[in-house]
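So this one's model-v1.cif, mmCIF, C-alpha atoms:
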data_query
loop_
_atom_site.label_atom_id
_atom_site.label_comp_id
_atom_site.auth_asym_id
_atom_site.auth_seq_id
_atom_site.Cartn_x
_atom_site.Cartn_y
_atom_site.Cartn_z
CA MET A 84 14.30 -20.30 -20.92
CA ALA A 85 13.36 -21.10 -24.50
CA GLY A 86 14.02 -18.45 -27.11
CA PRO A 87 15.63 -15.10 -26.61
CA MET A 88 14.64 -12.88 -23.71
CA ASN A 89 12.75 -9.68 -24.20
CA ILE A 90 12.72 -6.50 -22.18
CA PHE A 91 9.69 -7.72 -20.18
CA ASP A 92 11.60 -10.82 -19.07
CA VAL A 93 14.54 -8.65 -18.05
CA ALA A 94 12.51 -6.24 -15.93
CA GLY A 95 10.10 -8.91 -14.66
CA ARG A 96 12.80 -11.22 -13.37
CA ALA A 97 14.66 -8.32 -11.82
CA MET A 98 11.47 -7.38 -9.98
CA ALA A 99 11.09 -10.95 -8.73
CA ALA A 100 14.69 -10.90 -7.49
CA GLN A 101 14.19 -7.57 -5.73
CA LEU A 102 11.04 -8.94 -4.12
CA THR A 103 13.00 -11.92 -2.76
CA ARG A 104 15.52 -9.44 -1.40
CA LEU A 105 12.70 -7.47 0.23
CA ASN A 106 11.36 -10.68 1.78
CA THR A 107 14.72 -11.49 3.35
CA THR A 108 14.97 -7.92 4.68
CA VAL A 109 11.49 -8.20 6.19
CA SER A 110 12.42 -11.54 7.82
CA ASN A 111 15.56 -9.97 9.23
CA MET A 112 13.69 -6.96 10.59
CA ALA A 113 11.02 -9.20 12.10
CA ASN A 114 13.66 -11.27 13.88
CA ALA A 115 15.80 -8.37 15.05
CA ARG A 116 16.10 -8.32 18.84
CA SER A 117 14.71 -11.83 19.13
CA VAL A 118 16.76 -13.85 21.60
CA ALA A 119 17.98 -17.42 21.78
CA GLY A 120 19.45 -19.54 24.53
CA SER A 121 22.71 -20.27 22.71
CA GLU A 122 24.91 -18.67 20.07
CA ASP A 123 24.18 -21.42 17.56
CA ASP A 124 20.41 -21.08 17.91
CA ALA A 125 20.43 -17.29 17.47
CA PHE A 126 18.95 -15.94 14.25
CA ARG A 127 21.39 -14.56 11.68
CA ALA A 128 20.41 -12.16 8.92
CA LEU A 129 19.49 -13.73 5.59
CA LYS A 130 21.03 -12.31 2.42
CA PRO A 131 20.15 -13.19 -1.17
CA VAL A 132 23.01 -13.77 -3.61
CA PHE A 133 22.30 -12.13 -6.95
CA ARG A 134 23.75 -13.43 -10.18
CA THR A 135 23.48 -12.14 -13.72
CA PHE A 136 21.50 -14.34 -16.07
CA SER A 137 22.05 -13.83 -19.76
CA ASN A 138 21.18 -15.83 -22.86
CA GLY A 139 21.98 -13.30 -25.54
CA PRO A 140 24.64 -10.74 -26.38
CA ASP A 141 22.81 -7.64 -25.20
CA MET A 142 20.28 -8.84 -22.66
CA ALA A 143 21.04 -9.60 -19.06
CA THR A 144 18.68 -10.07 -16.19
CA VAL A 145 19.21 -11.16 -12.62
CA ASP A 146 18.40 -14.28 -10.64
CA VAL A 147 18.63 -15.10 -6.96
CA GLU A 148 21.24 -17.83 -6.93
CA ARG A 149 20.73 -18.77 -3.30
CA ILE A 150 20.05 -17.25 0.09
CA VAL A 151 22.85 -17.28 2.63
CA GLN A 152 23.13 -16.46 6.30
CA SER A 153 25.19 -13.37 6.97
CA ASP A 154 28.21 -13.46 9.24
CA THR A 155 26.86 -10.78 11.58
CA GLN A 156 27.54 -12.22 15.02
CA PRO A 157 24.71 -12.57 17.55
CA LYS A 158 25.10 -10.19 20.50
CA LYS A 159 25.61 -11.78 23.90
CA ARG A 160 23.57 -10.07 26.61
CA HIS A 161 23.32 -10.72 30.33
CA ASP A 162 19.63 -11.15 31.17
CA PRO A 163 19.11 -13.75 33.91
CA ALA A 164 15.38 -12.91 34.18
CA ASN A 165 14.80 -14.13 30.63
CA PRO A 166 13.37 -17.64 30.52
CA MET A 167 15.60 -18.34 27.49
CA ALA A 168 18.78 -17.56 29.43
CA ASP A 169 21.42 -20.25 29.77
CA GLY A 170 22.99 -21.43 33.01
CA ASP A 171 25.14 -18.28 33.34
CA GLY A 172 22.20 -15.97 32.63
CA TYR A 173 23.16 -15.03 29.09
CA VAL A 174 20.94 -14.73 26.02
CA TRP A 175 22.00 -14.18 22.40
CA GLU A 176 20.29 -11.47 20.40
CA ALA A 177 19.74 -12.10 16.67
CA GLY A 178 22.68 -11.16 14.43
CA VAL A 179 20.79 -8.46 12.57
CA ASP A 180 22.12 -4.97 11.98
CA GLU A 181 18.94 -2.91 11.87
CA PRO A 182 20.30 0.26 10.20
CA THR A 183 21.85 -1.84 7.43
CA GLU A 184 18.54 -3.62 6.92
CA MET A 185 16.68 -0.30 6.72
CA VAL A 186 19.11 0.99 4.08
CA GLU A 187 18.78 -2.30 2.22
CA MET A 188 14.99 -2.00 2.31
CA ILE A 189 14.98 1.53 0.87
CA GLU A 190 17.48 0.57 -1.82
CA THR A 191 15.42 -2.49 -2.75
CA ALA A 192 12.27 -0.38 -3.06
CA ARG A 193 14.08 2.16 -5.27
CA GLN A 194 15.45 -0.51 -7.57
CA TYR A 195 12.09 -2.25 -7.75
CA GLN A 196 10.47 1.06 -8.75
CA ASN A 197 13.11 1.60 -11.40
CA ASN A 198 12.25 -1.74 -12.98
CA VAL A 199 8.54 -0.88 -12.90
CA GLN A 200 9.36 2.35 -14.70
CA VAL A 201 11.39 0.50 -17.32
CA LEU A 202 8.43 -1.80 -17.88
CA GLN A 203 5.99 1.08 -18.27
CA THR A 204 8.22 2.98 -20.69
CA ALA A 205 8.95 -0.12 -22.76
CA LYS A 206 5.26 -0.98 -22.88
CA SER A 207 4.18 2.44 -24.08
CA LEU A 208 6.96 2.60 -26.69
CA ILE A 209 6.03 -0.81 -28.07
CA LEU A 210 2.34 0.10 -28.20
CA GLU A 211 3.20 3.35 -30.01
CA THR A 212 5.28 1.37 -32.48
CA ILE A 213 2.37 -0.98 -33.13
CA ARG A 214 0.07 1.98 -33.78
CA MET A 215 2.55 3.56 -36.20
CA GLY A 216 0.89 4.69 -39.40
CA LYS A 217 -2.67 4.23 -38.14
CA MET B 1038 11.78 0.31 -48.34
CA ASP B 1039 15.14 1.58 -47.22
CA ARG B 1040 14.89 4.60 -49.42
CA ILE B 1041 11.38 5.39 -48.28
CA PHE B 1042 12.23 5.40 -44.60
CA GLY B 1043 15.84 6.51 -44.90
CA ILE B 1044 17.95 6.08 -41.81
CA TYR B 1045 14.97 6.05 -39.42
CA GLY B 1046 14.30 2.32 -39.63
CA ASP B 1047 17.86 1.53 -38.59
CA ALA B 1048 17.79 4.27 -35.97
CA LEU B 1049 14.69 2.69 -34.43
CA ALA B 1050 16.41 -0.71 -34.31
CA LEU B 1051 19.47 0.80 -32.63
CA GLN B 1052 17.37 2.67 -30.09
CA SER B 1053 15.39 -0.46 -29.34
CA GLN B 1054 18.62 -2.41 -28.79
CA ARG B 1055 19.92 0.35 -26.56
CA MET B 1056 16.70 0.29 -24.54
CA ASN B 1057 17.27 -3.44 -23.92
CA MET B 1058 20.84 -2.86 -22.81
CA LEU B 1059 19.91 -0.04 -20.45
CA ALA B 1060 17.06 -2.14 -19.05
CA SER B 1061 19.59 -4.94 -18.41
CA ASN B 1062 21.79 -2.49 -16.53
CA ILE B 1063 18.89 -1.32 -14.38
CA ALA B 1064 17.88 -4.95 -13.73
CA ASN B 1065 21.41 -5.69 -12.50
CA ALA B 1066 21.73 -2.65 -10.25
CA ALA B 1067 22.42 -4.87 -7.23
CA THR B 1068 24.38 -7.74 -8.80
CA PRO B 1069 27.98 -7.95 -7.56
CA ASN B 1070 30.61 -7.69 -10.32
CA TYR B 1071 28.08 -6.79 -13.02
CA LYS B 1072 29.60 -4.39 -15.56
CA ALA B 1073 27.19 -1.94 -17.14
CA ARG B 1074 27.23 -1.89 -20.93
CA ASP B 1075 25.97 0.66 -23.39
CA LEU B 1076 25.72 1.34 -27.10
CA ASP B 1077 27.26 4.51 -28.50
CA PHE B 1078 24.28 5.57 -30.57
CA ASP B 1079 25.98 8.53 -32.30
CA LYS B 1080 28.91 6.43 -33.53
CA ALA B 1081 26.67 3.52 -34.54
CA ILE B 1082 24.36 5.74 -36.58
CA ALA B 1083 27.31 7.50 -38.20
CA ALA B 1084 28.71 4.10 -39.20
CA LEU B 1085 25.33 3.16 -40.67
CA ALA B 1086 25.26 6.41 -42.63
CA ASP B 1087 28.69 5.43 -44.03
CA GLY B 1088 27.11 2.26 -45.37
CA GLU B 1089 28.14 -0.32 -42.76
CA PRO B 1090 25.59 -3.12 -42.21
CA LEU B 1091 23.46 -2.84 -39.06
CA ALA B 1092 24.83 -5.88 -37.20
CA ASP B 1093 28.48 -4.82 -37.62
CA SER B 1094 27.93 -1.26 -36.55
CA THR B 1095 26.15 -2.21 -33.32
CA ASP B 1096 28.69 -4.79 -32.17
CA GLN B 1097 31.58 -2.42 -32.68
CA HIS B 1098 30.03 0.40 -30.70
CA ILE B 1099 29.11 -1.48 -27.56
CA GLY B 1100 31.28 -0.67 -24.59
CA TYR B 1101 31.48 -0.85 -20.83
CA ARG B 1102 30.44 2.11 -18.77
CA ILE B 1103 33.12 3.88 -16.72
CA PRO B 1104 31.55 4.52 -13.31
CA LEU B 1105 31.76 7.95 -11.67
CA SER B 1106 32.45 6.37 -8.29
CA PRO B 1107 33.23 2.63 -8.38
CA ALA B 1108 31.35 0.45 -5.90
CA LEU B 1109 33.11 -1.97 -3.54
CA ASP B 1110 31.27 -5.00 -4.92
CA GLY B 1111 32.58 -4.46 -8.46
CA ASN B 1112 29.20 -3.38 -9.81
CA THR B 1113 29.42 -0.43 -12.21
CA VAL B 1114 25.72 0.38 -12.47
CA GLU B 1115 24.84 3.88 -11.28
CA LEU B 1116 21.09 4.10 -11.20
CA SER B 1117 20.93 7.86 -11.75
CA THR B 1118 23.07 7.59 -14.89
CA GLU B 1119 21.16 4.60 -16.26
CA GLN B 1120 17.79 6.17 -15.52
CA THR B 1121 18.71 9.42 -17.25
CA LEU B 1122 20.05 7.63 -20.31
CA PHE B 1123 17.01 5.34 -20.40
CA ALA B 1124 14.67 8.36 -20.38
CA GLU B 1125 16.77 10.13 -23.01
CA ASN B 1126 16.74 7.03 -25.21
CA ALA B 1127 12.97 6.68 -24.82
CA VAL B 1128 12.50 10.27 -26.00
CA GLN B 1129 14.82 9.65 -28.95
CA TYR B 1130 12.85 6.50 -29.83
CA ARG B 1131 9.60 8.52 -29.76
CA THR B 1132 11.21 11.19 -31.94
CA THR B 1133 12.26 8.60 -34.50
CA LEU B 1134 8.74 7.17 -34.41
CA SER B 1135 7.23 10.57 -35.14
CA PHE B 1136 9.65 11.08 -38.07
CA LEU B 1137 8.48 7.72 -39.42
CA GLU B 1138 4.85 8.72 -38.89
CA GLY B 1139 5.51 11.89 -40.86
CA ARG B 1140 7.03 9.91 -43.68
CA ILE B 1141 4.08 7.51 -43.75
CA GLY B 1142 1.66 10.46 -43.68
CA THR B 1143 3.42 12.09 -46.63
CA LEU B 1144 3.23 8.91 -48.67
CA ARG B 1145 -0.39 8.33 -47.78
CA ARG B 1146 -1.37 11.86 -48.81
CA ALA B 1147 0.52 11.42 -52.06
CA MET B 1148 -1.35 8.18 -52.78
CA VAL B 1149 -4.82 9.25 -51.69
CA GLY B 1150 -4.52 12.71 -53.19
CA GLU B 1151 -6.51 14.75 -50.72
#

Could you write out this structure as C-alpha coordinates?
Amino acid sequence: MAGPMNIFDVAGRAMAAQLTRLNTTVSNMANARSVAGSEDDAFRALKPVFRTFSNGPDMATVDVERIVQSDTQPKKRHDPANPMADGDGYVWEAGVDEPTEMVEMIETARQYQNNVQVLQTAKSLILETIRMGK
Amino acid sequence: MDRIFGIYGDALALQSQRMNMLASNIANAATPNYKARDLDFDKAIAALADGEPLADSTDQHIGYRIPLSPALDGNTVELSTEQTLFAENAVQYRTTLSFLEGRIGTLRRAMVGE
(Lines of atoms letter the chains of each structure in order from A and count residues from 1; the text may use other names and numbers.)
(Lines give C-alpha, C1' and ligand atoms only; values in the text may rest on other atoms or scores of the structure.)
Protein backbone atom coordinates (compact mmCIF):
# COMPACT_ATOMS: atom_id res chain seq x y z
CA MET A 1 0.00 0.00 0.00
CA ALA A 2 1.27 3.45 -0.91
CA GLY A 3 1.70 5.95 1.89
CA PRO A 4 1.12 5.40 5.56
CA MET A 5 -1.97 3.61 6.79
CA ASN A 6 -4.69 5.38 8.66
CA ILE A 7 -7.11 4.13 11.27
CA PHE A 8 -9.73 3.42 8.58
CA ASP A 9 -7.33 1.10 6.76
CA VAL A 10 -6.57 -0.68 10.02
CA ALA A 11 -10.19 -1.31 10.97
CA GLY A 12 -11.34 -1.88 7.38
CA ARG A 13 -8.78 -4.55 6.62
CA ALA A 14 -9.42 -6.23 9.94
CA MET A 15 -13.12 -6.37 9.06
CA ALA A 16 -12.29 -7.92 5.69
CA ALA A 17 -10.14 -10.54 7.43
CA GLN A 18 -12.86 -11.33 9.96
CA LEU A 19 -15.34 -11.68 7.09
CA THR A 20 -13.06 -14.21 5.39
CA ARG A 21 -12.91 -16.07 8.69
CA LEU A 22 -16.72 -16.00 8.89
CA ASN A 23 -16.92 -17.36 5.35
CA THR A 24 -14.69 -20.31 6.20
CA THR A 25 -16.77 -21.00 9.32
CA VAL A 26 -19.96 -20.92 7.26
CA SER A 27 -18.43 -23.33 4.71
CA ASN A 28 -17.40 -25.64 7.53
CA MET A 29 -20.85 -25.56 9.12
CA ALA A 30 -22.50 -26.17 5.75
CA ASN A 31 -20.32 -29.22 5.15
CA ALA A 32 -20.58 -30.67 8.64
CA ARG A 33 -22.07 -34.16 8.57
CA SER A 34 -21.61 -34.43 4.82
CA VAL A 35 -20.21 -37.84 3.91
CA ALA A 36 -17.69 -39.12 1.41
CA GLY A 37 -16.81 -42.55 0.11
CA SER A 38 -13.17 -42.42 1.22
CA GLU A 39 -11.06 -40.72 3.87
CA ASP A 40 -9.21 -38.64 1.30
CA ASP A 41 -12.39 -37.31 -0.29
CA ALA A 42 -13.95 -36.28 3.03
CA PHE A 43 -14.27 -32.56 3.69
CA ARG A 44 -11.91 -31.06 6.26
CA ALA A 45 -12.55 -27.78 8.05
CA LEU A 46 -11.01 -24.69 6.46
CA LYS A 47 -9.08 -22.27 8.67
CA PRO A 48 -7.74 -18.85 7.71
CA VAL A 49 -4.19 -17.97 8.79
CA PHE A 50 -4.00 -14.42 10.09
CA ARG A 51 -0.84 -12.37 9.90
CA THR A 52 -0.07 -8.89 11.13
CA PHE A 53 0.51 -6.33 8.40
CA SER A 54 2.34 -3.19 9.37
CA ASN A 55 4.01 -0.40 7.42
CA GLY A 56 4.63 2.08 10.19
CA PRO A 57 5.83 2.15 13.78
CA ASP A 58 2.45 2.39 15.48
CA MET A 59 -0.05 0.99 13.01
CA ALA A 60 -0.72 -2.67 12.49
CA THR A 61 -3.59 -4.32 10.71
CA VAL A 62 -4.27 -7.91 9.79
CA ASP A 63 -4.31 -9.86 6.55
CA VAL A 64 -5.40 -13.37 5.70
CA GLU A 65 -2.15 -14.96 4.62
CA ARG A 66 -3.72 -18.14 3.32
CA ILE A 67 -6.47 -20.63 4.06
CA VAL A 68 -5.46 -24.07 5.24
CA GLN A 69 -7.28 -27.32 5.84
CA SER A 70 -7.47 -28.25 9.49
CA ASP A 71 -6.15 -31.57 10.76
CA THR A 72 -9.47 -32.63 12.25
CA GLN A 73 -9.83 -36.23 11.11
CA PRO A 74 -12.95 -37.35 9.23
CA LYS A 75 -15.09 -39.74 11.28
CA LYS A 76 -15.48 -43.26 9.93
CA ARG A 77 -19.04 -44.52 10.21
CA HIS A 78 -20.60 -47.84 9.28
CA ASP A 79 -23.58 -47.11 7.03
CA PRO A 80 -23.99 -49.78 4.33
CA ALA A 81 -27.34 -48.31 3.19
CA ASN A 82 -25.62 -45.10 2.09
CA PRO A 83 -25.01 -45.01 -1.66
CA MET A 84 -21.62 -43.36 -0.95
CA ALA A 85 -20.45 -46.29 1.17
CA ASP A 86 -17.33 -48.16 0.12
CA GLY A 87 -17.03 -51.91 -0.35
CA ASP A 88 -17.02 -52.58 3.42
CA GLY A 89 -20.02 -50.31 4.02
CA TYR A 90 -18.15 -47.40 5.55
CA VAL A 91 -18.60 -43.68 4.92
CA TRP A 92 -16.43 -40.81 6.17
CA GLU A 93 -18.11 -37.85 7.80
CA ALA A 94 -16.55 -34.40 7.24
CA GLY A 95 -13.76 -33.47 9.66
CA VAL A 96 -15.62 -30.57 11.20
CA ASP A 97 -15.98 -30.01 14.92
CA GLU A 98 -19.32 -28.22 15.13
CA PRO A 99 -19.03 -26.77 18.67
CA THR A 100 -15.63 -25.31 17.81
CA GLU A 101 -17.07 -23.76 14.66
CA MET A 102 -19.96 -22.24 16.63
CA VAL A 103 -17.53 -20.69 19.13
CA GLU A 104 -15.41 -19.45 16.25
CA MET A 105 -18.47 -17.88 14.62
CA ILE A 106 -19.49 -16.00 17.77
CA GLU A 107 -15.93 -14.82 18.36
CA THR A 108 -15.65 -13.64 14.76
CA ALA A 109 -18.89 -11.69 15.05
CA ARG A 110 -17.72 -10.04 18.29
CA GLN A 111 -14.39 -9.01 16.81
CA TYR A 112 -16.05 -7.74 13.66
CA GLN A 113 -18.39 -5.60 15.79
CA ASN A 114 -15.44 -4.26 17.75
CA ASN A 115 -13.83 -3.06 14.54
CA VAL A 116 -17.08 -1.43 13.44
CA GLN A 117 -17.18 0.38 16.77
CA VAL A 118 -13.58 1.55 16.35
CA LEU A 119 -14.51 2.90 12.93
CA GLN A 120 -17.54 4.76 14.25
CA THR A 121 -15.65 6.30 17.16
CA ALA A 122 -12.71 7.32 14.97
CA LYS A 123 -15.06 8.83 12.41
CA SER A 124 -16.96 10.94 14.93
CA LEU A 125 -13.74 12.12 16.62
CA ILE A 126 -12.23 13.16 13.29
CA LEU A 127 -15.40 14.98 12.27
CA GLU A 128 -15.47 16.79 15.63
CA THR A 129 -11.84 17.77 15.11
CA ILE A 130 -12.67 19.19 11.69
CA ARG A 131 -15.52 21.23 13.15
CA MET A 132 -13.29 22.61 15.91
CA GLY A 133 -13.64 26.36 16.30
CA LYS A 134 -16.70 26.65 14.05
CA MET B 1 0.70 29.01 18.48
CA ASP B 2 2.16 26.81 21.17
CA ARG B 3 1.54 29.39 23.81
CA ILE B 4 -2.01 29.98 22.69
CA PHE B 5 -3.02 26.34 22.87
CA GLY B 6 -0.66 25.28 25.63
CA ILE B 7 -0.23 21.57 26.09
CA TYR B 8 -3.56 20.69 24.43
CA GLY B 9 -2.23 20.52 20.88
CA ASP B 10 0.39 17.96 21.88
CA ALA B 11 -2.12 16.12 24.05
CA LEU B 12 -4.44 15.78 21.04
CA ALA B 13 -1.58 14.38 18.93
CA LEU B 14 -0.72 11.85 21.64
CA GLN B 15 -4.33 10.79 22.06
CA SER B 16 -4.70 10.42 18.31
CA GLN B 17 -1.58 8.24 18.18
CA ARG B 18 -2.88 6.17 21.07
CA MET B 19 -6.21 5.72 19.28
CA ASN B 20 -4.30 4.29 16.28
CA MET B 21 -2.36 1.89 18.49
CA LEU B 22 -5.45 0.66 20.31
CA ALA B 23 -7.26 0.26 16.97
CA SER B 24 -4.31 -1.85 15.76
CA ASN B 25 -4.62 -4.03 18.85
CA ILE B 26 -8.35 -4.53 18.28
CA ALA B 27 -7.70 -5.30 14.59
CA ASN B 28 -5.22 -8.01 15.61
CA ALA B 29 -7.41 -9.63 18.25
CA ALA B 30 -7.20 -13.00 16.46
CA THR B 31 -3.65 -12.91 15.05
CA PRO B 32 -1.37 -15.56 16.56
CA ASN B 33 1.75 -14.17 18.27
CA TYR B 34 0.61 -10.54 17.99
CA LYS B 35 1.78 -8.50 20.99
CA ALA B 36 -0.50 -5.67 22.03
CA ARG B 37 1.20 -2.30 22.35
CA ASP B 38 0.15 0.86 24.10
CA LEU B 39 1.31 4.38 24.82
CA ASP B 40 1.62 5.52 28.42
CA PHE B 41 -0.22 8.80 28.02
CA ASP B 42 0.46 10.13 31.54
CA LYS B 43 4.23 9.64 31.25
CA ALA B 44 4.35 10.99 27.69
CA ILE B 45 2.45 14.15 28.61
CA ALA B 46 4.60 14.65 31.71
CA ALA B 47 7.71 14.38 29.52
CA LEU B 48 6.23 16.96 27.13
CA ALA B 49 5.54 19.28 30.05
CA ASP B 50 9.23 18.92 30.99
CA GLY B 51 10.12 20.24 27.55
CA GLU B 52 10.95 17.05 25.64
CA PRO B 53 10.07 17.15 21.93
CA LEU B 54 6.91 15.29 20.90
CA ALA B 55 8.55 12.53 18.82
CA ASP B 56 11.02 11.56 21.57
CA SER B 57 8.45 11.43 24.31
CA THR B 58 6.08 9.14 22.38
CA ASP B 59 8.72 6.61 21.33
CA GLN B 60 10.03 6.26 24.85
CA HIS B 61 6.64 5.62 26.39
CA ILE B 62 5.42 2.89 24.09
CA GLY B 63 5.36 -0.53 25.66
CA TYR B 64 3.91 -4.00 25.34
CA ARG B 65 0.80 -4.90 27.26
CA ILE B 66 1.09 -7.54 29.98
CA PRO B 67 -1.93 -9.82 29.53
CA LEU B 68 -4.11 -10.79 32.49
CA SER B 69 -4.37 -14.36 31.23
CA PRO B 70 -1.98 -15.24 28.38
CA ALA B 71 -3.49 -17.03 25.40
CA LEU B 72 -2.08 -20.28 24.01
CA ASP B 73 -1.43 -18.79 20.56
CA GLY B 74 0.89 -16.10 21.92
CA ASN B 75 -1.58 -13.29 21.27
CA THR B 76 -1.72 -10.75 24.11
CA VAL B 77 -4.80 -8.81 23.00
CA GLU B 78 -7.65 -8.92 25.52
CA LEU B 79 -10.64 -7.37 23.84
CA SER B 80 -12.27 -6.18 27.06
CA THR B 81 -9.11 -4.33 28.10
CA GLU B 82 -8.55 -2.81 24.66
CA GLN B 83 -12.18 -1.78 24.30
CA THR B 84 -12.23 -0.08 27.70
CA LEU B 85 -9.00 1.78 27.01
CA PHE B 86 -10.20 2.76 23.53
CA ALA B 87 -13.40 4.23 24.99
CA GLU B 88 -11.46 6.00 27.73
CA ASN B 89 -9.04 7.44 25.19
CA ALA B 90 -11.92 8.62 22.99
CA VAL B 91 -13.44 10.48 25.96
CA GLN B 92 -10.06 12.02 26.76
CA TYR B 93 -9.69 13.10 23.12
CA ARG B 94 -13.13 14.75 23.26
CA THR B 95 -12.19 16.48 26.52
CA THR B 96 -9.02 17.87 24.96
CA LEU B 97 -11.07 19.03 21.98
CA SER B 98 -13.49 20.89 24.23
CA PHE B 99 -10.58 22.57 26.07
CA LEU B 100 -9.28 23.69 22.67
CA GLU B 101 -12.76 24.92 21.71
CA GLY B 102 -12.85 26.94 24.91
CA ARG B 103 -9.50 28.48 24.14
CA ILE B 104 -10.59 29.37 20.61
CA GLY B 105 -13.85 30.83 21.96
CA THR B 106 -11.95 32.99 24.44
CA LEU B 107 -9.68 34.35 21.74
CA ARG B 108 -12.57 34.98 19.38
CA ARG B 109 -14.52 36.91 22.03
CA ALA B 110 -11.41 38.94 22.80
CA MET B 111 -10.99 39.82 19.12
CA VAL B 112 -14.62 40.48 18.26
CA GLY B 113 -15.34 42.28 21.50
CA GLU B 114 -18.93 41.26 22.12

Contacts of B:Ala1048 within 12 Å, all atoms listed in the file, excl. fewer than 4 positions in-chain, as a ChimeraX atom specification: /B:1039,1042-1044,1052-1055,1078-1086,1091,1094-1095,1126,1129-1134,1136-1137

Residue members of the PyMOL selection byres ((chain B) within 8 of (chain A)) in the file shown, as a VMD selection string: chain B and resid 1054 1056 to 1058 1060 to 1069 1071 1120 1127 1130 to 1131 1134 1137 to 1138 1141 to 1142

Using C-alpha atoms, can you write the selected residues to a file as a PDB file, in the coordinates of the input?
ATOM      1  CA  GLN B1054      18.620  -2.410 -28.790  1.00  0.00           C
ATOM      2  CA  MET B1056      16.700   0.290 -24.540  1.00  0.00           C
ATOM      3  CA  ASN B1057      17.270  -3.440 -23.920  1.00  0.00           C
ATOM      4  CA  MET B1058      20.840  -2.860 -22.810  1.00  0.00           C
ATOM      5  CA  ALA B1060      17.060  -2.140 -19.050  1.00  0.00           C
ATOM      6  CA  SER B1061      19.590  -4.940 -18.410  1.00  0.00           C
ATOM      7  CA  ASN B1062      21.790  -2.490 -16.530  1.00  0.00           C
ATOM      8  CA  ILE B1063      18.890  -1.320 -14.380  1.00  0.00           C
ATOM      9  CA  ALA B1064      17.880  -4.950 -13.730  1.00  0.00           C
ATOM     10  CA  ASN B1065      21.410  -5.690 -12.500  1.00  0.00           C
ATOM     11  CA  ALA B1066      21.730  -2.650 -10.250  1.00  0.00           C
ATOM     12  CA  ALA B1067      22.420  -4.870  -7.230  1.00  0.00           C
ATOM     13  CA  THR B1068      24.380  -7.740  -8.800  1.00  0.00           C
ATOM     14  CA  PRO B1069      27.980  -7.950  -7.560  1.00  0.00           C
ATOM     15  CA  TYR B1071      28.080  -6.790 -13.020  1.00  0.00           C
ATOM     16  CA  GLN B1120      17.790   6.170 -15.520  1.00  0.00           C
ATOM     17  CA  ALA B1127      12.970   6.680 -24.820  1.00  0.00           C
ATOM     18  CA  TYR B1130      12.850   6.500 -29.830  1.00  0.00           C
ATOM     19  CA  ARG B1131       9.600   8.520 -29.760  1.00  0.00           C
ATOM     20  CA  LEU B1134       8.740   7.170 -34.410  1.00  0.00           C
ATOM     21  CA  LEU B1137       8.480   7.720 -39.420  1.00  0.00           C
ATOM     22  CA  GLU B1138       4.850   8.720 -38.890  1.00  0.00           C
ATOM     23  CA  ILE B1141       4.080   7.510 -43.750  1.00  0.00           C
ATOM     24  CA  GLY B1142       1.660  10.460 -43.680  1.00  0.00           C
TER      25      GLY B1142
END

Given only C-alpha atoms as the counted atoms, nearest of A:Ala164, A:Leu105, A:Val174, A:Val151 to A:Ser117: A:Val174

Selection: 12 Å around A:Asp180, all atoms listed in the file, excl. self and same-chain fewer than 3 positions, as a PyMOL selection string: chain A and resi 108+111-116+126-129+153-158+176-177+183-187

From B:Leu1116, B:Ala1073, B:Leu1122, B:Ala1050, residue lying nearest B:Ile1103 [only C-alpha atoms]: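 For B:Ile1103, the nearest of the candidates is B:Ala1073.
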
For stretch 209-217 of chain A, I'd like the enclosing box, axis-aligned and padded by 8 Å on every side, reported as JSON with centre and edge lengths in Å to one decimal.
{"center_x": 1.7, "center_y": 1.9, "center_z": -33.7, "size_x": 24.7, "size_y": 21.7, "size_z": 27.3}

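You will find atom CA of B:Ala1124 at 18.7 Å from atom CA of B:Pro1104.
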
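Shortest atom-to-atom contact with A:Tyr173 among A:His161, A:Ile150, A:Val109, A:Ala119: A:His161, counting only C-alpha atoms.
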
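If you look at atom CA of B:Arg1102 and atom CA of B:Leu1051, they are 17.7 Å away from each other.
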
Using only C-alpha atoms, list the residues that have an atom at most 7 Å from (20.0, -17.7, -24.5), coordinates as in the file, as a PDB file with C-alpha atoms, in the coordinates of the input.
ATOM      1  CA  GLY A  86      14.020 -18.450 -27.110  1.00  0.00           C
ATOM      2  CA  PRO A  87      15.630 -15.100 -26.610  1.00  0.00           C
ATOM      3  CA  SER A 137      22.050 -13.830 -19.760  1.00  0.00           C
ATOM      4  CA  ASN A 138      21.180 -15.830 -22.860  1.00  0.00           C
ATOM      5  CA  GLY A 139      21.980 -13.300 -25.540  1.00  0.00           C
TER       6      GLY A 139
END

Atom CA of B:Tyr1045 to atom CA of B:Ser1135, straight-line distance in Å: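 We find that atom CA of B:Ser1135 and atom CA of B:Tyr1045 lie 9.9 Å from each other.
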
For the file shown, what are the residues hit by the PyMOL selection byres ((chain B and resi 1112) around 6), laid out as a short mmCIF file (atom, residue, chain, number, x, y, z; two decimals) with C-alpha atoms, in the frame of the given file?
data_model
loop_
_atom_site.label_atom_id
_atom_site.label_comp_id
_atom_site.auth_asym_id
_atom_site.auth_seq_id
_atom_site.Cartn_x
_atom_site.Cartn_y
_atom_site.Cartn_z
CA PRO B 1069 27.98 -7.95 -7.56
CA ASN B 1070 30.61 -7.69 -10.32
CA TYR B 1071 28.08 -6.79 -13.02
CA LYS B 1072 29.60 -4.39 -15.56
CA ALA B 1108 31.35 0.45 -5.90
CA ASP B 1110 31.27 -5.00 -4.92
CA GLY B 1111 32.58 -4.46 -8.46
CA THR B 1113 29.42 -0.43 -12.21
CA VAL B 1114 25.72 0.38 -12.47
#
